[in-house]
>>> print(open('model_37.cif').read())   # mmCIF, C-alpha atoms
data_final
#
loop_
_atom_site.label_atom_id
_atom_site.label_comp_id
_atom_site.auth_asym_id
_atom_site.auth_seq_id
_atom_site.Cartn_x
_atom_site.Cartn_y
_atom_site.Cartn_z
CA PRO S 6 0.00 0.00 0.00
CA ARG S 7 1.05 3.59 -0.65
CA PRO S 8 1.81 5.84 2.31
CA ILE S 9 -0.44 8.79 3.00
CA ALA S 10 2.32 11.33 2.51
CA ALA S 11 3.39 14.07 0.14
CA GLY S 12 6.00 13.64 -2.57
CA LEU S 13 7.09 10.75 -4.78
CA ASP S 14 6.18 7.28 -3.57
CA TRP S 15 6.43 4.96 -6.57
CA LYS S 16 9.56 2.94 -5.73
CA GLY S 17 8.69 -0.54 -4.57
CA ARG S 18 4.95 0.09 -4.91
CA GLY S 19 2.06 -0.56 -7.32
CA PRO S 20 3.22 0.51 -10.81
CA ASP S 21 6.89 -0.20 -10.08
CA VAL S 22 6.18 -3.72 -8.81
CA THR S 23 3.70 -4.37 -11.64
CA LEU S 24 6.16 -3.42 -14.37
CA ARG S 25 8.95 -5.49 -12.84
CA GLN S 26 6.63 -8.50 -12.57
CA LEU S 27 5.36 -8.10 -16.15
CA THR S 28 8.94 -7.77 -17.42
CA ALA S 29 10.07 -10.92 -15.59
CA ASN S 30 7.07 -12.89 -16.84
CA PHE S 31 7.58 -11.67 -20.43
CA GLU S 32 11.26 -12.64 -20.48
CA LYS S 33 10.53 -15.97 -18.77
CA ARG S 34 8.18 -16.81 -21.65
CA GLY S 35 10.84 -16.05 -24.27
CA GLY S 36 10.13 -12.37 -24.94
CA THR S 37 12.93 -9.95 -25.75
CA ILE S 38 13.13 -6.38 -24.46
CA PHE S 39 15.40 -3.82 -26.14
CA ARG S 40 16.20 -1.14 -23.57
CA LEU S 41 17.33 2.39 -24.44
CA ALA S 42 16.72 1.64 -28.10
CA GLY S 43 15.94 4.20 -30.78
CA ALA S 44 13.23 2.91 -33.10
CA SER S 45 11.35 3.66 -36.30
CA LEU S 46 8.49 1.95 -38.08
CA MET S 47 9.13 -0.04 -41.25
CA GLU S 48 6.78 0.44 -44.18
CA GLN S 49 6.06 -1.66 -47.23
CA GLY S 50 3.29 -1.19 -49.73
CA GLY S 51 1.68 1.55 -47.66
CA ARG S 52 1.41 -0.51 -44.48
CA CYS S 53 3.47 -0.96 -41.33
CA ILE S 54 5.39 -4.24 -41.37
CA GLY S 55 7.37 -3.92 -38.14
CA ILE S 56 10.03 -1.79 -36.49
CA GLU S 57 13.71 -1.09 -36.89
CA ALA S 58 15.39 -0.66 -33.50
CA ALA S 59 18.93 0.31 -32.58
CA ASP S 60 20.84 -0.43 -29.40
CA ALA S 61 24.45 -0.92 -28.32
CA GLN S 62 24.65 -4.17 -30.28
CA GLY S 63 23.55 -2.61 -33.55
CA THR S 64 20.38 -2.31 -35.64
CA HIS S 65 17.61 -4.89 -35.58
CA GLN S 66 14.72 -5.27 -38.02
CA LEU S 67 11.73 -6.84 -36.32
CA ARG S 68 8.86 -7.77 -38.63
CA ALA S 69 5.39 -7.99 -37.17
CA LYS S 70 1.76 -8.17 -38.26
CA ALA S 71 0.93 -5.43 -35.76
CA VAL S 72 2.87 -2.84 -33.75
CA ILE S 73 1.60 -1.26 -30.54
CA LEU S 74 2.95 2.17 -29.69
CA ALA S 75 2.90 2.79 -25.94
CA ASP S 76 5.56 5.34 -25.09
CA GLY S 77 3.97 7.29 -22.24
CA GLY S 78 2.98 10.43 -24.13
CA PHE S 79 4.97 13.58 -24.88
CA GLN S 80 4.95 15.59 -21.67
CA GLY S 81 8.75 15.37 -21.57
CA ASN S 82 9.09 17.09 -24.96
CA ALA S 83 8.82 20.86 -24.49
CA GLN S 84 8.49 21.50 -28.23
CA MET S 85 5.57 19.08 -28.62
CA VAL S 86 3.88 20.45 -25.49
CA ARG S 87 4.00 23.93 -26.99
CA GLU S 88 2.97 22.78 -30.49
CA TYR S 89 0.04 20.55 -29.55
CA MET S 90 -1.08 22.00 -26.21
CA ALA S 91 -0.13 25.69 -26.43
CA ILE S 92 1.62 25.38 -23.06
CA ASP S 93 5.05 26.69 -22.09
CA ALA S 94 6.54 23.61 -20.40
CA ALA S 95 8.99 25.74 -18.43
CA ARG S 96 6.08 27.44 -16.61
CA VAL S 97 4.33 24.31 -15.37
CA MET S 98 5.37 21.39 -13.19
CA PRO S 99 4.78 18.04 -14.95
CA ARG S 100 3.49 15.19 -12.80
CA GLY S 101 4.16 12.53 -15.44
CA ALA S 102 7.42 10.80 -16.30
CA GLY S 103 9.91 12.93 -18.20
CA THR S 104 10.76 9.89 -20.31
CA GLY S 105 7.60 10.43 -22.37
CA VAL S 106 9.10 12.46 -25.23
CA GLY S 107 6.65 11.62 -28.03
CA ASP S 108 8.57 8.93 -29.91
CA GLY S 109 5.41 6.93 -30.58
CA LEU S 110 3.54 9.98 -31.88
CA ARG S 111 6.49 10.91 -34.08
CA MET S 112 6.76 7.41 -35.57
CA ALA S 113 3.03 7.16 -36.22
CA LYS S 114 2.84 10.56 -37.90
CA THR S 115 5.81 9.68 -40.09
CA LEU S 116 3.66 6.91 -41.60
CA GLY S 117 0.73 9.28 -42.06
CA ALA S 118 -1.31 8.34 -38.99
CA GLN S 119 -4.20 10.58 -37.98
CA THR S 120 -4.20 11.88 -34.40
CA SER S 121 -7.05 12.54 -32.00
CA GLU S 122 -7.40 15.58 -29.74
CA LEU S 123 -3.96 16.34 -28.28
CA LYS S 124 -4.38 19.66 -26.49
CA TYR S 125 -5.63 18.41 -23.11
CA PHE S 126 -3.64 16.71 -20.37
CA TYR S 127 -4.54 14.73 -17.28
CA GLY S 128 -3.13 16.59 -14.31
CA HIS S 129 -3.93 18.39 -11.10
CA MET S 130 -3.42 21.70 -9.35
CA LEU S 131 -0.14 21.86 -7.44
CA SER S 132 1.57 24.24 -5.06
CA ARG S 133 3.90 26.72 -6.75
CA ASP S 134 6.47 25.50 -4.23
CA SER S 135 6.81 22.37 -6.38
CA PHE S 136 9.36 24.23 -8.53
CA LYS S 137 11.76 24.38 -5.60
CA ASN S 138 10.53 21.68 -3.22
CA ASP S 139 10.39 18.10 -4.52
CA LYS S 140 8.40 17.02 -1.46
CA VAL S 141 5.18 18.79 -2.51
CA TRP S 142 4.67 17.02 -5.84
CA PRO S 143 3.12 15.02 -7.39
CA TYR S 144 1.17 14.92 -4.12
CA PRO S 145 -0.66 16.50 -2.46
CA GLN S 146 -2.87 17.85 -5.23
CA LEU S 147 -4.80 21.04 -4.48
CA ASP S 148 -7.93 20.30 -6.52
CA GLU S 149 -10.17 20.03 -3.47
CA LEU S 150 -9.14 23.53 -2.39
CA GLY S 151 -9.58 25.34 -5.70
CA THR S 152 -12.74 23.57 -6.84
CA VAL S 153 -14.65 24.02 -3.58
CA GLY S 154 -13.24 27.51 -3.03
CA ILE S 155 -12.48 29.82 -5.93
CA VAL S 156 -9.44 30.39 -8.15
CA VAL S 157 -8.32 33.94 -8.93
CA ASN S 158 -5.43 35.68 -10.66
CA ASP S 159 -3.21 38.45 -9.32
CA ALA S 160 -5.83 40.96 -10.43
CA GLY S 161 -8.26 39.35 -7.97
CA GLU S 162 -10.55 38.01 -10.69
CA ARG S 163 -11.97 34.57 -11.32
CA PHE S 164 -11.04 33.29 -14.78
CA VAL S 165 -12.25 29.67 -14.82
CA ASP S 166 -15.31 27.59 -13.98
CA GLU S 167 -14.05 25.81 -10.87
CA GLY S 168 -17.10 23.55 -10.92
CA GLN S 169 -15.66 21.69 -13.94
CA GLY S 170 -13.16 20.01 -11.64
CA GLY S 171 -9.46 20.07 -10.88
CA VAL S 172 -8.24 18.63 -14.19
CA PHE S 173 -10.18 21.28 -16.13
CA VAL S 174 -8.88 24.05 -13.87
CA ALA S 175 -5.31 22.77 -14.17
CA ASN S 176 -5.55 22.78 -17.97
CA THR S 177 -6.85 26.37 -17.92
CA ILE S 178 -4.13 27.55 -15.55
CA ALA S 179 -1.41 25.88 -17.63
CA ARG S 180 -2.37 27.89 -20.72
CA LEU S 181 -2.14 31.28 -19.01
CA ALA S 182 0.75 33.57 -19.88
CA ASN S 183 1.86 33.16 -16.26
CA PRO S 184 0.39 30.10 -14.52
CA LEU S 185 2.05 31.19 -11.27
CA SER S 186 -0.20 34.26 -11.12
CA THR S 187 -3.08 32.15 -9.76
CA TRP S 188 -4.35 31.52 -6.25
CA ALA S 189 -6.85 29.15 -4.64
CA ILE S 190 -8.96 31.20 -2.22
CA LEU S 191 -10.75 29.28 0.53
CA ASP S 192 -11.96 29.63 4.09
CA HIS S 193 -11.23 27.65 7.23
CA ALA S 194 -14.27 25.41 6.74
CA ILE S 195 -13.00 24.29 3.33
CA TRP S 196 -9.49 23.71 4.68
CA GLU S 197 -10.85 21.55 7.51
CA GLY S 198 -13.45 19.82 5.31
CA PRO S 199 -12.69 19.15 1.62
CA GLY S 200 -9.06 20.03 2.38
CA LYS S 201 -8.84 16.71 4.21
CA ALA S 202 -10.92 14.72 1.70
CA ALA S 203 -8.32 13.47 -0.81
CA ARG S 204 -6.42 10.26 -0.22
CA ILE S 205 -3.26 12.34 0.26
CA PRO S 206 -4.96 15.58 1.32
CA ALA S 207 -3.49 19.06 1.28
CA ASN S 208 -4.41 19.37 4.95
CA PRO S 209 -2.06 18.62 6.67
CA ASN S 210 0.37 17.14 4.13
CA LEU S 211 1.16 20.33 2.20
CA GLU S 212 2.50 22.19 5.20
CA LYS S 213 4.17 19.09 6.62
CA ALA S 214 6.14 18.85 3.36
CA GLY S 215 7.17 22.52 3.53
CA GLY S 216 4.47 23.94 1.24
CA THR S 217 3.12 27.44 1.69
CA ILE S 218 -0.34 28.34 2.96
CA VAL S 219 -1.10 32.07 3.25
CA ARG S 220 -3.50 32.78 6.12
CA ALA S 221 -5.25 36.06 6.91
CA ALA S 222 -8.13 37.27 9.05
CA THR S 223 -9.49 39.58 6.33
CA LEU S 224 -9.40 39.81 2.55
CA GLN S 225 -7.48 43.06 2.82
CA GLU S 226 -4.81 41.33 4.86
CA LEU S 227 -4.76 38.38 2.45
CA ALA S 228 -4.31 40.74 -0.50
CA ALA S 229 -1.44 42.49 1.24
CA LYS S 230 0.34 39.19 1.89
CA THR S 231 -0.14 37.78 -1.61
CA GLY S 232 0.01 40.85 -3.83
CA ILE S 233 -3.50 40.23 -5.17
CA ALA S 234 -5.41 43.42 -6.04
CA ALA S 235 -7.33 44.06 -2.81
CA GLU S 236 -10.40 45.92 -4.05
CA ARG S 237 -11.07 43.50 -6.89
CA LEU S 238 -10.55 40.49 -4.63
CA GLU S 239 -13.19 41.80 -2.21
CA LEU S 240 -15.62 42.36 -5.07
CA THR S 241 -14.96 38.90 -6.51
CA VAL S 242 -15.40 37.08 -3.21
CA GLY S 243 -18.49 39.15 -2.38
CA ALA S 244 -20.11 38.40 -5.73
CA TYR S 245 -19.33 34.71 -5.39
CA ASN S 246 -20.70 34.48 -1.86
CA ASP S 247 -23.89 36.28 -2.91
CA ALA S 248 -24.34 33.96 -5.89
CA LEU S 249 -23.76 30.93 -3.68
CA ALA S 250 -26.24 32.11 -1.07
CA THR S 251 -28.94 32.77 -3.69
CA ALA S 252 -28.24 29.69 -5.84
CA ARG S 253 -27.24 31.86 -8.81
CA LEU S 254 -23.75 30.51 -9.49
CA GLY S 255 -24.60 30.23 -13.18
CA ALA S 256 -24.99 34.00 -13.37
CA LEU S 257 -21.36 34.61 -12.45
CA SER S 258 -18.78 35.46 -15.09
CA PRO S 259 -17.33 33.01 -15.71
CA ALA S 260 -20.29 30.90 -14.65
CA ARG S 261 -19.87 28.33 -11.92
CA SER S 262 -21.39 25.25 -13.54
CA CYS S 263 -22.00 23.22 -10.43
CA TRP S 264 -21.36 23.00 -6.73
CA PRO S 265 -19.11 20.07 -5.71
#
>>> encode(input="model_37.cif", output="structure tokens")
Amino acid sequence: PRPIAAGLDWKGRGPDVTLRQLTANFEKRGGTIFRLAGASLMEQGGRCIGIEAADAQGTHQLRAKAVILADGGFQGNAQMVREYMAIDAARVMPRGAGTGVGDGLRMAKTLGAQTSELKYFYGHMLSRDSFKNDKVWPYPQLDELGTVGIVVNDAGERFVDEGQGGVFVANTIARLANPLSTWAILDHAIWEGPGKAARIPANPNLEKAGGTIVRAATLQELAAKTGIAAERLELTVGAYNDALATARLGALSPARSCWP
């Protein structure tokens, strides 16, 4: 079982153990694995007939009736992330393996393959401290804070429908000119309630791992500590609270589609 703690926890656990077991079983049954091998698809008569792979021992041509491309995506390729997702990879913290550099996509497109929608990613809201503190990523995620509270920019304005969920909010944040200009605004009740709801919750794991929580008794004080525009923040929070109290979240701009 995985520990209920922030940070990386994959070694010796679920996926790590599974892959080692699958590898051992595959090789026991006579399968061959080429590690650290560059590869390309072979084509004949307009169809894929196998792969050509290179490793330290040389080049190998492996013919096959079918080839499965499973390379882990392209989140480790900054150029592809910008081209397909309109995201500056240097401004976001990836939660996926950096070994996914898009080799499978590249090989498939070389043979003329059509691609499906590529602009969205599966990911979650993280603390900005993740850029300098490895203990606060990939867990805890902050989705439960931003989607039950509100998410604003430095100007003190909401810019996303938090009711669409953490993955949607994370995708929206990632495409901003400055993703680090965003804040999850919440009260004590949210911190003590939904803040403890995730399997590895932000409360108390974020602070235990050295992450930053900005606390204030008033919105004016919060604005002073964070640099958020104070007057606009008060207007935004006031409008949200009024809409929540009168069940008119859909009238906000942007609309709040649902209440978690």
>>> resolve_selection(input="model_37.cif", expression="the PyMOL selection byres ((chain S and resi 116) around 9)", output="number ranges by chain")
S: 46-48, 51-53, 111-115, 117-118
>>> resolve_selection(input="model_37.cif", expression="the PyMOL selection byres ((chain S and resi 104) around 8)", output="PyMOL selection string")
chain S and resi 77+81+102-103+105-106
>>> closest_residue(input="model_37.cif", among="S:Gly128, S:Gly43, S:Gly198, S:Gly36", to="Asp76 of chain S", atoms="all atoms listed in the file")
S:Gly43
>>> residues_around(input="model_37.cif", residues="Ala91 of chain S", least_positions_apart="2", cutoff="10 Å", atoms="all atoms listed in the file", output="list in words")
Gln84, Met85, Val86, Arg87, Glu88, Tyr89, Asp93, Ala94, Lys124, Tyr125, Ala179, Arg180 and Leu181 of chain S
>>> atom_distance(input="model_37.cif", atom1="atom CA of Val22 of chain S", atom2="atom CA of Arg7 of chain S")
12.1 Å
>>> resolve_selection(input="model_37.cif", expression="the PyMOL selection byres ((chain S and resi 164) around 10)", output="PyMOL selection string")
chain S and resi 155-158+161-163+165-167+174+177-178+187+258-260
>>> closest_residue(input="model_37.cif", among="S:Asn82, S:Thr231, S:Pro6, S:Pro209", to="Gly19 of chain S", atoms="all atoms listed in the file")
S:Pro6
>>> atom_distance(input="model_37.cif", atom1="atom CA of Ala175 of chain S", atom2="atom CA of Pro143 of chain S")
13.3 Å
>>> residues_near_point(input="model_37.cif", point="(0.7, 14.3, -1.7)", cutoff="6 Å", atoms="all atoms listed in the file", output="VMD selection string")
chain S and resid 10 to 12 144 to 145 205
>>> closest_residue(input="model_37.cif", among="S:Ala58, S:Leu67, S:Val242, S:Ala83", to="Phe39 of chain S", atoms="all atoms listed in the file")
S:Ala58
>>> closest_residue(input="model_37.cif", among="S:Phe31, S:Phe79, S:Phe126, S:Trp142", to="Ala214 of chain S", atoms="all atoms listed in the file")
S:Trp142
>>> atom_distance(input="model_37.cif", atom1="atom CA of Thr251 of chain S", atom2="atom CA of Ala203 of chain S")
28.4 Å
>>> residues_near_point(input="model_37.cif", point="(-14.0, 43.7, -5.0)", cutoff="12 Å", atoms="all atoms listed in the file", output="PyMOL selection string")
chain S and resi 157+160-163+224-225+228+233-246
>>> closest_residue(input="model_37.cif", among="S:Leu211, S:Ala252, S:Ala229, S:Ala202", to="Asp159 of chain S", atoms="all atoms listed in the file")
S:Ala229
>>> closest_residue(input="model_37.cif", among="S:Asp139, S:Val172, S:Ala61, S:Ala194", to="Gly216 of chain S", atoms="all atoms listed in the file")
S:Asp139
>>> residues_around(input="model_37.cif", residues="Val97 of chain S", least_positions_apart="4", cutoff="9 Å", atoms="all atoms listed in the file", output="NGL selection string")
:S and (92-93 or 133 or 136 or 179 or 184-185)
>>> residues_around(input="model_37.cif", residues="Asp60 of chain S", least_positions_apart="2", cutoff="12 Å", atoms="all atoms listed in the file", output="VMD selection string")
chain S and resid 38 to 44 57 to 58 62 to 66
>>> residues_around(input="model_37.cif", residues="Gln146 of chain S", least_positions_apart="3", cutoff="7 Å", atoms="all atoms listed in the file", output="JSON, numbers by chain")
{"S": [129, 130, 131, 143, 207]}
>>> axis_aligned_box(input="model_37.cif", around="segment 12-31 of chain S", padding_each_side="4 Å", output="AutoDock Vina command-line options")
--center_x 6.1 --center_y 0.4 --center_z -11.5 --size_x 16.0 --size_y 34.5 --size_z 25.9
